[in-house]
file final_36.txt (compact mmCIF, C-alpha atoms and all ligand atoms)
# COMPACT_ATOMS: atom_id res chain seq x y z
CA MET A 8 0.00 0.00 0.00
CA VAL A 9 1.52 3.27 -1.11
CA SER A 10 0.11 6.03 1.02
CA GLY A 11 0.08 9.70 0.36
CA THR A 12 1.03 9.63 -3.30
CA TRP A 13 -2.39 10.19 -4.76
CA GLU A 14 -5.22 10.97 -2.37
CA GLN A 15 -7.11 13.80 -0.70
CA ARG A 16 -6.29 14.74 2.87
CA TRP A 17 -8.56 16.66 5.24
CA HIS A 18 -7.19 19.91 6.70
CA PRO A 19 -8.84 19.95 10.15
CA LEU A 20 -8.01 23.59 11.00
CA ARG A 21 -9.45 24.92 7.75
CA GLU A 22 -12.02 22.17 7.24
CA GLU A 23 -11.18 21.67 3.61
CA TRP A 24 -9.65 19.01 1.36
CA VAL A 25 -6.08 19.14 0.10
CA VAL A 26 -5.47 17.01 -3.00
CA ILE A 27 -2.10 15.24 -2.92
CA ALA A 28 -1.19 14.42 -6.52
CA ALA A 29 2.44 13.37 -6.24
CA HIS A 30 2.16 10.26 -8.37
CA ARG A 31 3.80 11.87 -11.37
CA GLN A 32 6.82 13.43 -9.77
CA ASP A 33 7.19 11.83 -6.39
CA ARG A 34 10.91 11.75 -5.82
CA PRO A 35 13.20 13.48 -3.38
CA TRP A 36 14.96 16.56 -4.61
CA GLN A 37 18.65 15.90 -5.19
CA GLY A 38 21.43 17.41 -7.17
CA GLU A 39 21.09 20.92 -8.42
CA GLN A 40 21.33 23.67 -5.86
CA ALA A 41 19.97 27.15 -6.04
CA ALA A 42 21.73 29.51 -8.38
CA ALA A 43 24.20 31.64 -6.50
CA GLY A 44 22.28 34.75 -5.57
CA PRO A 45 23.66 38.25 -5.57
CA ALA A 46 26.97 38.75 -3.80
CA PRO A 47 26.46 38.60 -0.02
CA ALA A 48 25.55 41.96 1.39
CA ALA A 49 27.62 43.75 3.98
CA VAL A 50 26.77 43.70 7.67
CA TYR A 51 25.77 47.38 7.37
CA VAL A 52 24.30 49.01 4.25
CA GLU A 53 24.19 52.79 3.95
CA ASP A 54 20.89 53.11 2.10
CA CYS A 55 19.02 50.37 3.99
CA TYR A 56 16.06 51.89 5.83
CA LEU A 57 16.32 49.18 8.51
CA CYS A 58 20.00 49.43 9.41
CA PRO A 59 20.90 51.23 12.64
CA ARG A 60 21.51 55.00 12.51
CA ASN A 61 20.04 55.34 8.99
CA LEU A 62 17.54 58.00 7.97
CA ARG A 63 14.14 56.68 6.87
CA VAL A 64 11.83 58.21 4.25
CA SER A 65 9.75 59.73 7.08
CA GLY A 66 12.76 61.82 8.11
CA ILE A 67 13.13 59.80 11.32
CA ARG A 68 16.57 58.40 12.06
CA ASN A 69 16.87 54.83 13.37
CA PRO A 70 18.56 54.58 16.76
CA ASP A 71 21.82 52.72 17.16
CA TYR A 72 19.83 49.67 18.22
CA GLN A 73 21.54 46.51 19.46
CA SER A 74 18.89 43.78 19.24
CA VAL A 75 15.21 43.96 18.21
CA PHE A 76 13.86 47.32 17.04
CA VAL A 77 10.18 48.15 16.43
CA PHE A 78 8.84 51.22 14.66
CA ASP A 79 5.65 52.40 12.95
CA ASN A 80 5.66 51.55 9.23
CA ASP A 81 6.39 54.65 7.15
CA HIS A 82 4.03 53.31 4.44
CA PRO A 83 1.22 51.77 6.50
CA CYS A 84 -1.58 49.69 4.95
CA VAL A 85 -3.73 50.41 7.99
CA GLY A 86 -3.32 53.51 10.16
CA MET A 87 -5.10 55.63 12.71
CA ASN A 88 -4.87 58.52 10.24
CA ALA A 89 -6.61 56.63 7.42
CA PRO A 90 -9.34 58.74 5.76
CA GLN A 91 -12.51 58.95 7.87
CA GLN A 92 -14.75 60.59 5.27
CA LEU A 93 -15.59 57.87 2.76
CA GLU A 94 -17.94 57.74 -0.17
CA PRO A 95 -21.00 55.72 0.87
CA PRO A 96 -21.17 52.55 -1.27
CA PRO A 97 -24.27 51.53 -3.23
CA GLY A 98 -26.66 48.70 -2.45
CA ILE A 99 -25.45 45.91 -0.21
CA TYR A 100 -21.82 47.10 -0.21
CA ARG A 101 -20.11 48.22 2.97
CA ASN A 102 -16.94 50.14 3.71
CA ALA A 103 -15.11 51.52 6.72
CA PRO A 104 -11.97 53.51 7.45
CA ALA A 105 -8.82 51.33 7.14
CA LEU A 106 -7.92 51.93 10.77
CA GLY A 107 -5.19 50.09 12.61
CA VAL A 108 -1.50 50.08 13.41
CA ALA A 109 1.24 48.82 11.08
CA ARG A 110 4.72 48.29 12.47
CA ILE A 111 8.06 46.92 11.33
CA VAL A 112 10.12 44.64 13.59
CA THR A 113 13.82 44.39 12.74
CA TYR A 114 15.33 41.28 14.28
CA THR A 115 18.93 42.42 14.54
CA PRO A 116 21.20 45.32 13.54
CA LEU A 117 23.05 42.88 11.22
CA HIS A 118 21.94 43.45 7.63
CA ASN A 119 23.27 40.26 6.07
CA VAL A 120 21.97 37.41 8.20
CA THR A 121 18.71 35.47 8.26
CA LEU A 122 16.63 34.72 11.34
CA ALA A 123 18.01 31.18 11.13
CA GLU A 124 21.53 32.46 11.81
CA LEU A 125 20.67 34.36 14.98
CA PRO A 126 21.47 32.71 18.32
CA VAL A 127 18.54 31.19 20.23
CA ASP A 128 18.77 34.04 22.78
CA SER A 129 18.15 36.60 20.04
CA ILE A 130 15.18 34.62 18.73
CA SER A 131 13.86 34.47 22.32
CA ALA A 132 14.19 38.25 22.50
CA LEU A 133 12.20 38.53 19.28
CA LEU A 134 9.45 36.27 20.67
CA ALA A 135 9.33 38.43 23.81
CA THR A 136 9.01 41.55 21.65
CA TRP A 137 6.20 39.97 19.64
CA ARG A 138 4.50 39.05 22.92
CA ASP A 139 4.78 42.62 24.23
CA GLN A 140 3.46 44.02 20.95
CA TYR A 141 0.54 41.59 21.02
CA VAL A 142 -0.33 42.67 24.56
CA GLU A 143 0.09 46.39 23.89
CA LEU A 144 -1.75 46.55 20.57
CA GLY A 145 -4.32 43.92 21.51
CA SER A 146 -5.34 45.89 24.60
CA ARG A 147 -6.53 48.80 22.48
CA PRO A 148 -10.33 48.64 22.37
CA GLU A 149 -10.58 49.22 18.62
CA ILE A 150 -8.04 46.49 17.75
CA ARG A 151 -9.65 43.09 17.23
CA HIS A 152 -6.62 41.18 16.03
CA VAL A 153 -2.82 41.47 15.87
CA LEU A 154 -1.23 39.72 12.89
CA MET A 155 2.53 39.19 12.93
CA PHE A 156 4.37 37.83 9.96
CA GLU A 157 7.62 37.75 8.04
CA ASN A 158 7.82 37.82 4.26
CA LYS A 159 11.23 36.48 3.32
CA GLY A 160 12.76 36.40 -0.13
CA GLU A 161 12.33 38.14 -3.44
CA VAL A 162 9.80 35.54 -4.62
CA VAL A 163 7.42 36.82 -1.95
CA GLY A 164 8.14 40.40 -2.90
CA VAL A 165 10.83 41.42 -0.43
CA SER A 166 13.88 43.02 -1.94
CA ASN A 167 15.52 44.17 1.30
CA PRO A 168 17.31 41.18 2.90
CA HIS A 169 17.68 42.92 6.27
CA PRO A 170 15.88 40.43 8.55
CA HIS A 171 12.57 41.88 9.63
CA GLY A 172 8.90 41.14 10.07
CA GLN A 173 5.70 43.13 10.17
CA ILE A 174 2.75 43.70 12.48
CA TYR A 175 -0.77 44.56 11.35
CA ALA A 176 -3.11 45.42 14.21
CA THR A 177 -6.56 45.71 12.69
CA THR A 178 -10.19 46.42 13.48
CA PHE A 179 -11.11 43.10 11.88
CA VAL A 180 -9.85 39.53 12.35
CA PHE A 181 -7.82 38.15 9.45
CA LYS A 182 -9.74 35.40 7.66
CA THR A 183 -7.40 32.45 8.29
CA ILE A 184 -7.37 33.14 12.02
CA GLU A 185 -11.13 33.67 12.06
CA VAL A 186 -11.66 30.28 10.40
CA GLU A 187 -9.22 28.49 12.74
CA ALA A 188 -10.76 30.18 15.78
CA ASP A 189 -14.30 29.20 14.76
CA VAL A 190 -13.30 25.60 14.02
CA SER A 191 -11.30 25.31 17.26
CA ARG A 192 -14.11 26.78 19.35
CA ARG A 193 -16.70 24.40 17.88
CA PHE A 194 -14.37 21.40 18.37
CA TYR A 195 -13.70 22.38 21.98
CA ARG A 196 -17.40 22.69 22.75
CA GLU A 197 -18.28 19.40 21.07
CA HIS A 198 -15.41 17.25 22.30
CA GLY A 199 -13.97 19.05 25.32
CA ARG A 200 -10.55 18.84 23.70
CA VAL A 201 -8.24 21.25 21.90
CA LEU A 202 -8.21 20.46 18.17
CA PHE A 203 -4.55 21.39 17.79
CA GLN A 204 -3.64 18.95 20.58
CA ASP A 205 -5.36 16.19 18.61
CA ILE A 206 -3.34 17.21 15.55
CA VAL A 207 -0.09 17.03 17.57
CA ARG A 208 -1.11 13.64 19.01
CA SER A 209 -1.77 12.35 15.49
CA GLU A 210 1.59 13.64 14.28
CA LEU A 211 3.38 12.01 17.23
CA ALA A 212 1.55 8.72 16.61
CA ASP A 213 2.86 8.72 13.04
CA GLY A 214 6.22 10.32 13.71
CA ARG A 215 7.47 10.63 10.13
CA ARG A 216 6.76 14.34 9.85
CA ILE A 217 8.10 15.42 13.26
CA LEU A 218 11.15 17.61 12.64
CA PHE A 219 12.04 18.58 16.20
CA GLU A 220 10.91 18.28 19.80
CA ASN A 221 12.27 19.64 23.05
CA GLY A 222 10.83 20.01 26.56
CA SER A 223 7.87 22.19 25.59
CA ALA A 224 7.89 22.84 21.82
CA ILE A 225 7.40 20.83 18.66
CA VAL A 226 8.01 21.29 14.92
CA PHE A 227 6.22 19.26 12.27
CA LEU A 228 5.31 19.23 8.63
CA PRO A 229 1.60 18.49 8.87
CA TYR A 230 -0.13 15.52 7.26
CA PHE A 231 -2.39 18.00 5.44
CA ALA A 232 0.33 20.44 4.27
CA ARG A 233 -0.79 22.61 1.36
CA TYR A 234 2.72 23.74 0.42
CA ALA A 235 5.62 21.32 -0.14
CA TYR A 236 7.69 22.49 2.84
CA GLU A 237 4.92 23.97 5.01
CA CYS A 238 5.75 23.54 8.71
CA TYR A 239 4.20 24.33 12.09
CA VAL A 240 6.10 25.38 15.21
CA ALA A 241 4.11 25.28 18.43
CA PRO A 242 4.25 25.03 22.22
CA ARG A 243 3.09 21.65 23.56
CA GLU A 244 0.86 23.26 26.16
CA THR A 245 -2.15 25.13 24.86
CA HIS A 246 -1.75 28.91 24.93
CA ALA A 247 -4.07 31.20 22.98
CA SER A 248 -1.13 33.51 22.32
CA LEU A 249 2.43 34.29 23.35
CA GLN A 250 1.01 36.29 26.26
CA THR A 251 0.65 33.40 28.72
CA MET A 252 3.84 31.55 27.84
CA SER A 253 6.61 31.31 30.42
CA SER A 254 10.14 32.44 29.61
CA GLY A 255 11.18 28.78 29.59
CA GLU A 256 8.54 28.02 26.98
CA LEU A 257 9.63 31.02 24.92
CA GLY A 258 13.19 29.72 24.99
CA ASP A 259 12.09 26.26 23.86
CA LEU A 260 9.96 27.75 21.11
CA ALA A 261 12.88 29.91 19.97
CA GLU A 262 15.10 26.83 19.78
CA ALA A 263 12.45 24.92 17.84
CA LEU A 264 11.99 27.78 15.39
CA LYS A 265 15.73 28.07 14.87
CA ARG A 266 16.06 24.34 14.19
CA LEU A 267 13.42 24.58 11.47
CA LEU A 268 14.81 27.73 9.87
CA VAL A 269 18.34 26.30 9.76
CA ARG A 270 17.00 23.22 7.96
CA TYR A 271 15.18 25.50 5.52
CA ASP A 272 18.32 27.52 4.71
CA ASN A 273 20.40 24.34 4.48
CA LEU A 274 18.01 22.56 2.12
CA TRP A 275 19.30 24.36 -0.98
CA GLN A 276 22.05 26.33 0.75
CA MET A 277 20.32 29.61 0.18
CA PRO A 278 18.25 31.99 2.29
CA PHE A 279 15.02 29.98 2.05
CA PRO A 280 12.00 32.09 1.06
CA TYR A 281 8.86 31.79 3.15
CA VAL A 282 5.87 33.53 4.60
CA MET A 283 5.92 32.96 8.35
CA THR A 284 2.82 33.89 10.34
CA LEU A 285 2.00 33.82 14.04
CA HIS A 286 -1.48 32.39 14.57
CA GLN A 287 -2.57 33.98 17.84
CA ALA A 288 -6.10 34.37 19.15
CA PRO A 289 -7.97 37.55 18.24
CA THR A 290 -7.99 40.31 20.86
CA ASP A 291 -11.67 41.15 20.59
CA GLY A 292 -12.65 39.63 23.94
CA GLY A 293 -14.20 36.50 22.39
CA ASP A 294 -14.10 32.91 23.65
CA TYR A 295 -10.80 31.34 22.57
CA ALA A 296 -10.44 28.54 25.12
CA GLY A 297 -9.80 25.95 22.38
CA PHE A 298 -7.36 28.09 20.41
CA HIS A 299 -3.77 26.87 20.38
CA PHE A 300 -1.15 29.43 19.34
CA HIS A 301 1.26 28.24 16.65
CA ILE A 302 3.59 29.59 14.00
CA GLU A 303 3.00 28.55 10.38
CA CYS A 304 5.70 28.73 7.73
CA HIS A 305 4.62 28.65 4.11
CA PRO A 306 7.56 28.41 1.71
CA PRO A 307 6.40 29.18 -1.84
CA LEU A 308 9.07 27.11 -3.64
CA ARG A 309 8.76 23.45 -4.59
CA LYS A 310 12.30 23.32 -5.97
CA PRO A 311 15.12 25.86 -5.97
CA ARG A 312 13.76 27.87 -8.87
CA LEU A 313 10.25 26.50 -9.08
CA LEU A 314 7.36 28.32 -7.45
CA LYS A 315 4.21 26.58 -6.36
CA TYR A 316 1.87 28.37 -8.73
CA LEU A 317 -1.55 29.13 -7.41
CA ALA A 318 -3.95 28.54 -10.26
CA GLY A 319 -7.31 26.95 -11.02
CA PRO A 320 -7.73 24.75 -7.92
CA GLU A 321 -6.30 27.29 -5.47
CA ILE A 322 -7.33 30.69 -6.85
CA GLY A 323 -10.30 29.54 -8.84
CA GLY A 324 -11.66 26.82 -6.58
CA GLY A 325 -10.21 27.69 -3.19
CA ASN A 326 -8.63 24.30 -2.38
CA PHE A 327 -4.99 23.33 -2.69
CA LEU A 328 -3.51 20.77 -5.00
CA SER A 329 -0.11 19.62 -3.75
CA ASP A 330 2.33 17.96 -6.14
CA THR A 331 4.44 16.57 -3.35
CA ARG A 332 4.09 14.00 -0.60
CA PRO A 333 4.41 15.49 2.90
CA GLU A 334 6.30 12.41 4.24
CA LEU A 335 8.95 12.79 1.57
CA LYS A 336 9.36 16.54 2.09
CA ALA A 337 9.73 15.98 5.85
CA ALA A 338 12.39 13.35 5.13
CA GLU A 339 14.28 15.83 2.94
CA LEU A 340 14.28 18.43 5.72
CA LEU A 341 15.37 15.83 8.28
CA ALA A 342 18.28 14.77 6.05
CA VAL A 343 20.05 18.15 5.99
CA PRO A 344 22.60 19.17 8.64
CA GLU A 345 21.46 20.98 11.78
CA VAL A 346 24.33 23.48 11.58
CA HIS A 347 23.71 26.48 9.35
CA TYR A 348 25.62 26.21 6.08
CA LYS A 349 27.24 29.58 6.56
CA GLY A 350 28.53 28.32 9.89
CA ARG A 351 29.10 31.75 11.31
CA HIS A 352 26.73 31.71 14.25
CA ASP A 353 25.74 29.10 16.79
ZN ZN A 401 19.99 46.87 6.71
ZN ZN A 402 -2.87 28.14 11.94
call {"tool": "encode", "arguments": {"input": "final_36.txt", "output": "structure tokens"}}
result
Amino acid sequence: MVSGTWEQRWHPLREEWVVIAAHRQDRPWQGEQAAAGPAPAAVYVEDCYLCPRNLRVSGIRNPDYQSVFVFDNDHPCVGMNAPQQLEPPPGIYRNAPALGVARIVTYTPLHNVTLAELPVDSISALLATWRDQYVELGSRPEIRHVLMFENKGEVVGVSNPHPHGQIYATTFVFKTIEVEADVSRRFYREHGRVLFQDIVRSELADGRRILFENGSAIVFLPYFARYAYECYVAPRETHASLQTMSSGELGDLAEALKRLLVRYDNLWQMPFPYVMTLHQAPTDGGDYAGFHFHIECHPPLRKPRLLKYLAGPEIGGGNFLSDTRPELKAAELLAVPEVHYKGRHD
């Protein structure tokens, strides 16, 4: 019995089918590595708007920061100064001011490293900053949700390699989180259990897609992955957000995240592109007892120069078709060294 080559798998957090159609090209990636990218950048770049001491387009100068640095985005998508006087829409249409807070989080003053290369302590500091931002922004009455994410790599539209992420604090809850929260709440009420815990139990029972475990954190490539190298990083205990996690748990989560990101970078010996998103409970005062905070990484590449194109099934139909078998992709990630290929940091 060959499993997982050609079948549909149920995505329990999204309640949708993922079609695995790996029967035509189901083989591990080997051989060719990514084309050498542009020459490695310097540790400090004069015209980088994220480097310490540099002047930004707003006329504000960055401080000589030493670790994590957070500032309001100079080109915000949502802002408290968004236009309040809007043209009333016709018929059933609705609109509202695009209120919110958009911030940039630089991970380190070093311009030419990736998050994977930072020491675990620095990643812990980043998690603590994200936690503080979640608490601060989430406590504002008009903010219903705080979305934190990192877009990494030119294929996801980021030309500045300086390691950084973004925060969108909005007056609405982003759709993916809303769906997960609704599904998790219903599951908790019906079964008295946390859905994400059942997912982790199922992953542990199988074992093939577990990439890392320590005292309180786990990394896995889920059974129902929509992208070839999609992975989840999560605390073992259920927390609705970073807010209630102990410093020990933050440290374990930082180590788990680093282990994954090093494997990503090592896979093709290049800064591995991804969209990384923190899935934390909304801050609108709702019931999120069954919500289990986790980090999702969605790498857009299937091979070094081959994007997963979103087309008919995904854009047109709304369900994913995956050309790869999750067990095989997990095995590829497990096969690479745990020491970053640049070997400059711990
Ligand atoms: Zn920079
Ligand atoms: Zn999620």
call {"tool": "residues_around", "arguments": {"input": "final_36.txt", "residues": "segment 295-302 of chain A", "least_positions_apart": "3", "cutoff": "7 Å", "atoms": "all atoms listed in the file", "output": "list in words"}}
result
Ala188, Ser191, Arg192, Tyr195, Val201, Phe203, Tyr239, Val240, Ala241, Thr245, His246, Ala247, Ser248, Met283, Thr284, Leu285, His286, Gln287 and Ala288 of chain A
call {"tool": "residues_around", "arguments": {"input": "final_36.txt", "residues": "Val163 of chain A", "least_positions_apart": "5", "cutoff": "8 Å", "atoms": "only C-alpha atoms", "output": "count of residues only"}}
result
5
call {"tool": "closest_residue", "arguments": {"input": "final_36.txt", "among": "A:Leu62, A:Ala48, A:Leu154, A:Ile67", "to": "ligand ZN 402 (chain A)", "atoms": "only C-alpha atoms and all ligand atoms"}}
result
A:Leu154
call {"tool": "residues_near_point", "arguments": {"input": "final_36.txt", "point": "(10.9, 24.0, 27.4)", "cutoff": "7 Å", "atoms": "all atoms listed in the file", "output": "list in words"}}
result
Asn221, Gly222, Ser223, Ala224, Gly255, Glu256, Gly258 and Asp259 of chain A
call {"tool": "residues_near_ligand", "arguments": {"input": "final_36.txt", "ligand": "ligand ZN 401 (chain A)", "cutoff": "12 Å", "atoms": "all atoms listed in the file", "output": "VMD selection string"}}
result
chain A and resid 48 to 63 69 72 113 to 121 166 to 171
call {"tool": "closest_residue", "arguments": {"input": "final_36.txt", "among": "A:Ala263, A:Met252, A:Ile184, A:Cys84", "to": "ligand ZN 402 (chain A)", "atoms": "only C-alpha atoms and all ligand atoms"}}
result
A:Ile184
call {"tool": "atom_distance", "arguments": {"input": "final_36.txt", "atom1": "atom CA of Arg270 of chain A", "atom2": "atom CA of Val26 of chain A"}}
result
25.8 Å
call {"tool": "atom_distance", "arguments": {"input": "final_36.txt", "atom1": "atom CA of Leu328 of chain A", "atom2": "atom CA of Arg21 of chain A"}}
result
14.7 Å
call {"tool": "closest_residue", "arguments": {"input": "final_36.txt", "among": "A:Asn326, A:Asn80, A:Thr177, A:Ser129", "to": "Phe231 of chain A", "atoms": "all atoms listed in the file"}}
result
A:Asn326
call {"tool": "closest_residue", "arguments": {"input": "final_36.txt", "among": "A:Tyr316, A:Tyr230, A:Phe179, A:Phe76", "to": "Trp17 of chain A", "atoms": "all atoms listed in the file"}}
result
A:Tyr230
call {"tool": "residues_around", "arguments": {"input": "final_36.txt", "residues": "Leu274 of chain A", "least_positions_apart": "2", "cutoff": "7 Å", "atoms": "all atoms listed in the file", "output": "list of chain:residue names"}}
result
A:Arg270, A:Tyr271, A:Asp272, A:Gln276, A:Leu340, A:Val343
call {"tool": "atom_distance", "arguments": {"input": "final_36.txt", "atom1": "atom CA of Leu125 of chain A", "atom2": "atom CA of Arg309 of chain A"}}
result
25.4 Å
call {"tool": "residues_around", "arguments": {"input": "final_36.txt", "residues": "segment 90-95 of chain A", "least_positions_apart": "5", "cutoff": "10 Å", "atoms": "only C-alpha atoms", "output": "number ranges by chain"}}
result
A: 100-106
call {"tool": "closest_residue", "arguments": {"input": "final_36.txt", "among": "A:Ala135, A:Ile150, A:Met277, A:Val226", "to": "Gly214 of chain A", "atoms": "all atoms listed in the file"}}
result
A:Val226
call {"tool": "closest_residue", "arguments": {"input": "final_36.txt", "among": "A:Phe327, A:Phe181, A:Trp137, A:Tyr348", "to": "ligand ZN 402 (chain A)", "atoms": "only C-alpha atoms and all ligand atoms"}}
result
A:Phe181
call {"tool": "residues_around", "arguments": {"input": "final_36.txt", "residues": "Asp291 of chain A", "least_positions_apart": "5", "cutoff": "8 Å", "atoms": "only C-alpha atoms", "output": "MDAnalysis selection string"}}
result
chainID A and resid 145 148 150:152
call {"tool": "residues_near_point", "arguments": {"input": "final_36.txt", "point": "(16.0, 35.2, -3.3)", "cutoff": "8 Å", "atoms": "only C-alpha atoms", "output": "PDB file with C-alpha atoms, in the coordinates of the input"}}
result
ATOM      1  CA  GLY A  44      22.280  34.750  -5.570  1.00  0.00           C
ATOM      2  CA  GLY A 160      12.760  36.400  -0.130  1.00  0.00           C
ATOM      3  CA  GLU A 161      12.330  38.140  -3.440  1.00  0.00           C
ATOM      4  CA  VAL A 162       9.800  35.540  -4.620  1.00  0.00           C
ATOM      5  CA  MET A 277      20.320  29.610   0.180  1.00  0.00           C
ATOM      6  CA  PRO A 278      18.250  31.990   2.290  1.00  0.00           C
ATOM      7  CA  PHE A 279      15.020  29.980   2.050  1.00  0.00           C
ATOM      8  CA  PRO A 280      12.000  32.090   1.060  1.00  0.00           C
TER       9      PRO A 280
END
